[in-house]
Structure formats: structure tokens, C-alpha cells
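A.B. asks: One structure is given below, represented as C-alpha cells, and several questions about it will come after.
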Amino acid sequence: MTKANAPQERRAATLVMACLGVFVAYLPVTTVSVSLPAIQRALDASTSQLSWVSDAFVLPMAALILTAGVFGDVHGRKKVYLAGLALSGLGSFVALCAQNIQTVWAGQALAGLGSAALLPTTLALISHAVPDPRERGKYIGLWATALSAALAVGPVIAGTVLDHFAWRWIYLLSVPVSLVAVGIGAKVLTDSRAPGSRRLDWPGQITAALAITALVYGIIEGGATSFTDVKVMVALFTAAVGAVAFVLVERHSPSPMLDLTLFRSPAFTATTLIAMISFLGLIGFFFALSLYLGMVQQLSTLDAAWRLLMVSLSTLVLGAPVGRLVHRVSPRVLIPGGLLISSAALLSLTDIGVDTSFGSLAWRLALLGLGMAFVITPMTAIAVSSVPFHQAGMAAAGNNAFRQVGAALGPAVLGTLLTAKAVDSLQGHLTDAGLTGQTVRQVTAVADHDGIGAVAGLDLGADMPRVLGAVSQAFLDGLHLCLIVSAVLTLFAAVLGALLLRRPQHASPVAEPRDAAAVTGPVAAGVPQQQEVASLAGNRVRE
């Protein structure tokens, strides 16, 4: 390697490693979500247990992504990046070897910890290697493409694997990729840090993690048992105490994880609330939809993947054009307009049934992707631009963290509603199917104790087809309720946007490299943000 070519080759190596890192971080998002029905059947998991499969991954991301960025600044981004890869690979290996649902949770949690470490460090490494803002924008655009690729190919990989092998093999790919990336990264990456820029806010980190985890636990377990159950009440009380403690800690911290004065900006408050509320509804919807495709329509994982891909593809195609509108169209029009389209798409799905065709489902999911493109792409851009420049990085990170909180709550809240409504309506559908007596009591008892999906494991002889038909109808009742709730949440977010959003008055030319990853924000629903990444991180992030 000649001296003249050394910087370019070093930048290229950093780009490859950053793209590999974000690919590893996001691959579990869609591979696992589309595989939930297969995991449920294989491990006899209830709907509440299945909610934890998703949330075990998202919770560490929501709770630790801010701290991971600061840790990289203080102790070295290369170290945090390699640790993230190792945790992601270890988590996938644990889930690969799982013989019960609890071990899957453990593997997902480890992978989530790895993703929390990878997301802020991959872009920070690029920022350090590519100091020129214009050139950096191109590199980050390629980084975003790798993120989108992981989200897009995940369902297809999972579907192909499950057509030939057991569910556990969906985790295999991440293991060797992580190991190879650790070996290569240790040799080719240059470490960097930003000493003195921030300090770790352990009290804020602990109280935030406690509040988020206790809230999600309380909602999931409350739906599975009862909200008057002692452990559920204790969890919800703990969540409330943790939230209050977090606010008090952050107000008096010399180096807060989240500066609460950011909420003095109406635009930042609006985009943060929109991020949390809309992702709660949308991620919860995707959780319910994956179960519908597997349990009700009895589709293979690959067939379900093609349907889920409609959302990602429509958003991917529209991401760049929408990105160009960010600086031309008022956010009061762009974001609420996209939320209204998303809400309409969700409401249009309320008449889907057992036999809904691919075409009938595809155009509605594509419409949902269209609406999301108008929301996700400009959302963080507005949050960053609405605060003074020295707070731009924290604004992006805070917006992203609240987005992940919504993503964690989505499966918990809507999974609880889905189960409660389906179990409540099951007896009526069994009666309508002509079933009576012991059969009805047995089926409802199993559904009430183990979840509605457990009914498929019963052996009821000649009555089984009618029982499964009643279960499908009960599940659809729950799904339709979830769609209505998701649509209402999305509509509420649109109203917030219309009332609070203004064209930002602050310019934000500088953001710390630590928060570069937060500018794009994890997109748990499979939504890429290439244009936003390139424009913001390329022009506002400098070493």
C-alpha cells in the first residue's frame, strides 16, 4: 500500500466494516419478526411469550444506545464496535442452540446489546475516517444502503431457511459473519475517541433502563395474567418511580444522558412524541400481522416475507424523493400528511380475512409504506434542526431513543390487546360453529391459560376443523382491534404534528460524531433513511 493510496484504502476498509456492522445489527430485526409463527409452533409459546422475543432485542437498544455512544467516545469506538459484533454473534449462537423460549429471549437480549453498541459506533468510525463532509455523505449513503439491505433480505433469508430447515437456523448467518468481522476489524480499523466531550451518566442510564423494562414487563404480563396481579402492579409502580427518578436525575446531572431543556422546543417535543407513538402503533401492527399471516392464512414464512416486503420496498423507492422535499415543504404538511396516509392504510386493512389475496393485501401495505416514507425520512431532520447547534447530536439521539421505546411497547401493548380480544370472542365463534359442551370448555380453557395459538396443539378429532375456523375468526377480531388502535394512535400523532410543528428556526451545523448513528435512527419496521442520513450526517457531523 503506497502512502498516496493509504488514506483512501483506510477509508474504504472503514466503510466495509461499518456496513458489515450495521448489517449484523439489523439482520435479526426482520428475520426474527417474520419467523415468529414458526418459533411459536416449535416451542409452544404463548402470545405474551412471543412478545418477549421481539422486546428482548429492542429493549437493550432503547435503553443502552445513548450510553454505548458515550462509552465509545470515552474508551474508543473501535473497542465498542468489536464488542458489539462479539455480542451480536454470541446472541445469535445462544438463540441457535435454544431448546426453550427463555433461551431465545437470552439470545435476543445479547444481540440487542450488540446492536446498541454497533449503531452509534459504525457511523462514528466513518466520521473519523472521512473528515470531508461532502465525501462523508457518500459513505454514509452506502452505510444506509447496507442497513436497508439487512432489513429487506432478512425476511427472504428467513423464509428460505424455514422452507428447508428448523426455525433455529435463521440465526446461523450472523455467527460466522460476526466472527469474521471481528477478526478483520481488529486489524484494519483505526481507533478513535472524543475525550472530555461527555461523561457516562450512570444514574440516568440505570433509571431509564429500569423504567422502560418495568413498563414493558408490566404490560406484557398484565395481558397474559391480570393487571391486578401483584407482580404486574409492582412492575408498573416501579416503572412510574423509575420515570420520575430519571427526570429528577437528568435535571441535576452535570452531564445528562438527555438534556430535558430540549423539550422547550415545540418541534423537538412533537417529533419525539410522534416517533414514540407512531412506532408503538406501527411495530405493534407488524407483530400482529406476522402472526396473522402464519396462524390465520397458514402461509409459509417465505410467502409471508414477500407480503411484508411491500412496506419496505415502497418506502425504499420513495425515500430519496421524499428526502428532497424536507427543505421545500413545511413539516406541518409533510409529517402529518404521511401519518394520515398511514392511518388510512391501517384502517383499510380492517376488512382483511382468512382468504384475503396477495394483491388485495399488497396495495394496502404499499400505501402504508408510502405514508411512513413521508414521516420517517424528515422526522429526525426536524428534531435536529429545531434546537441550538450544540444540542443537535443529543436531539437526534433522544429522538431515536424514544422511537425505540415506542418500538418496544408496540408488541407489548398490541400483543396484549390481540390476546385479550381473541380469547374474549372465542367462545362465541365456537358456538357459532356448532360446538358445545366439553369441547368449548376445553378450547377456551387452553386459550385462556396458554394463548390462542396453543389451541392448534389440541387433538379434538372431527371437531378440529371447526375449532380452527373459530380460532381464526377470533384472531381476526383481535387483529381488527389492533388495526383500529394503531390507526387511532397514528391519527393522534398527526394531530400533534399539525399543532406543534413549525419550520425550524435554529441552524444545526455541528453534531458530535458519537450521535451520528442516531441521526438515521434504528428503523425497526424496516424503513430506510438514506437521504436523511446523507444530508444530515454528511453536512452536520464533523470530527
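Ligands are numbered from 1 in the order shown, chains are lettered A, B, ... in the order of the C-alpha cells, and residues start at 1 in each chain.
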Which residues come within 12 Å of Ile352 in chain A, counting only C-alpha atoms, excluding same-chain residues fewer than 4 positions away, as a list in words?
C.D. replies: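 Listing them by chain and then by number gives Leu289, Tyr292, Leu293, Val296, Gln297, Leu346, Leu347, Ser348, Thr356, Ser357, Phe358, Gly359, Ser360, Leu361, Ala362, Arg364, Leu365, Ser472, Gln473, Phe475, Leu476, Asp477, Leu479, His480 and Leu483 of chain A.
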A.B. asks: What does the distance from CA of Ala63 in chain A to CA of Asn100 in chain A come to in Å, to one decimal?
C.D. replies: 25.4 Å
A.B. asks: Measuring atom to atom with only C-alpha atoms, identify which of A:Leu172, A:Leu179, A:Thr47, A:Lys187 is nearest to Ala83 in chain A.
C.D. replies: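 Smallest distance to Ala83 in chain A is found for A:Leu179.
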A.B. asks: So how far away is CA of Ala408 in chain A from CA of Phe57 in chain A, in Å?
C.D. replies: 8.7 Å
A.B. asks: May I ask for the distance between CA of Pro321 in chain A and CA of Ile335 in chain A, given in Å to one decimal place?
C.D. replies: 14.5 Å
A.B. asks: Which is closest to Ala245 in chain A among A:Gly284, A:Gly204, A:Gly154, A:Gly398, if we use only C-alpha atoms?
C.D. replies: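 For Ala245 in chain A, the nearest of the given residues is A:Gly204.
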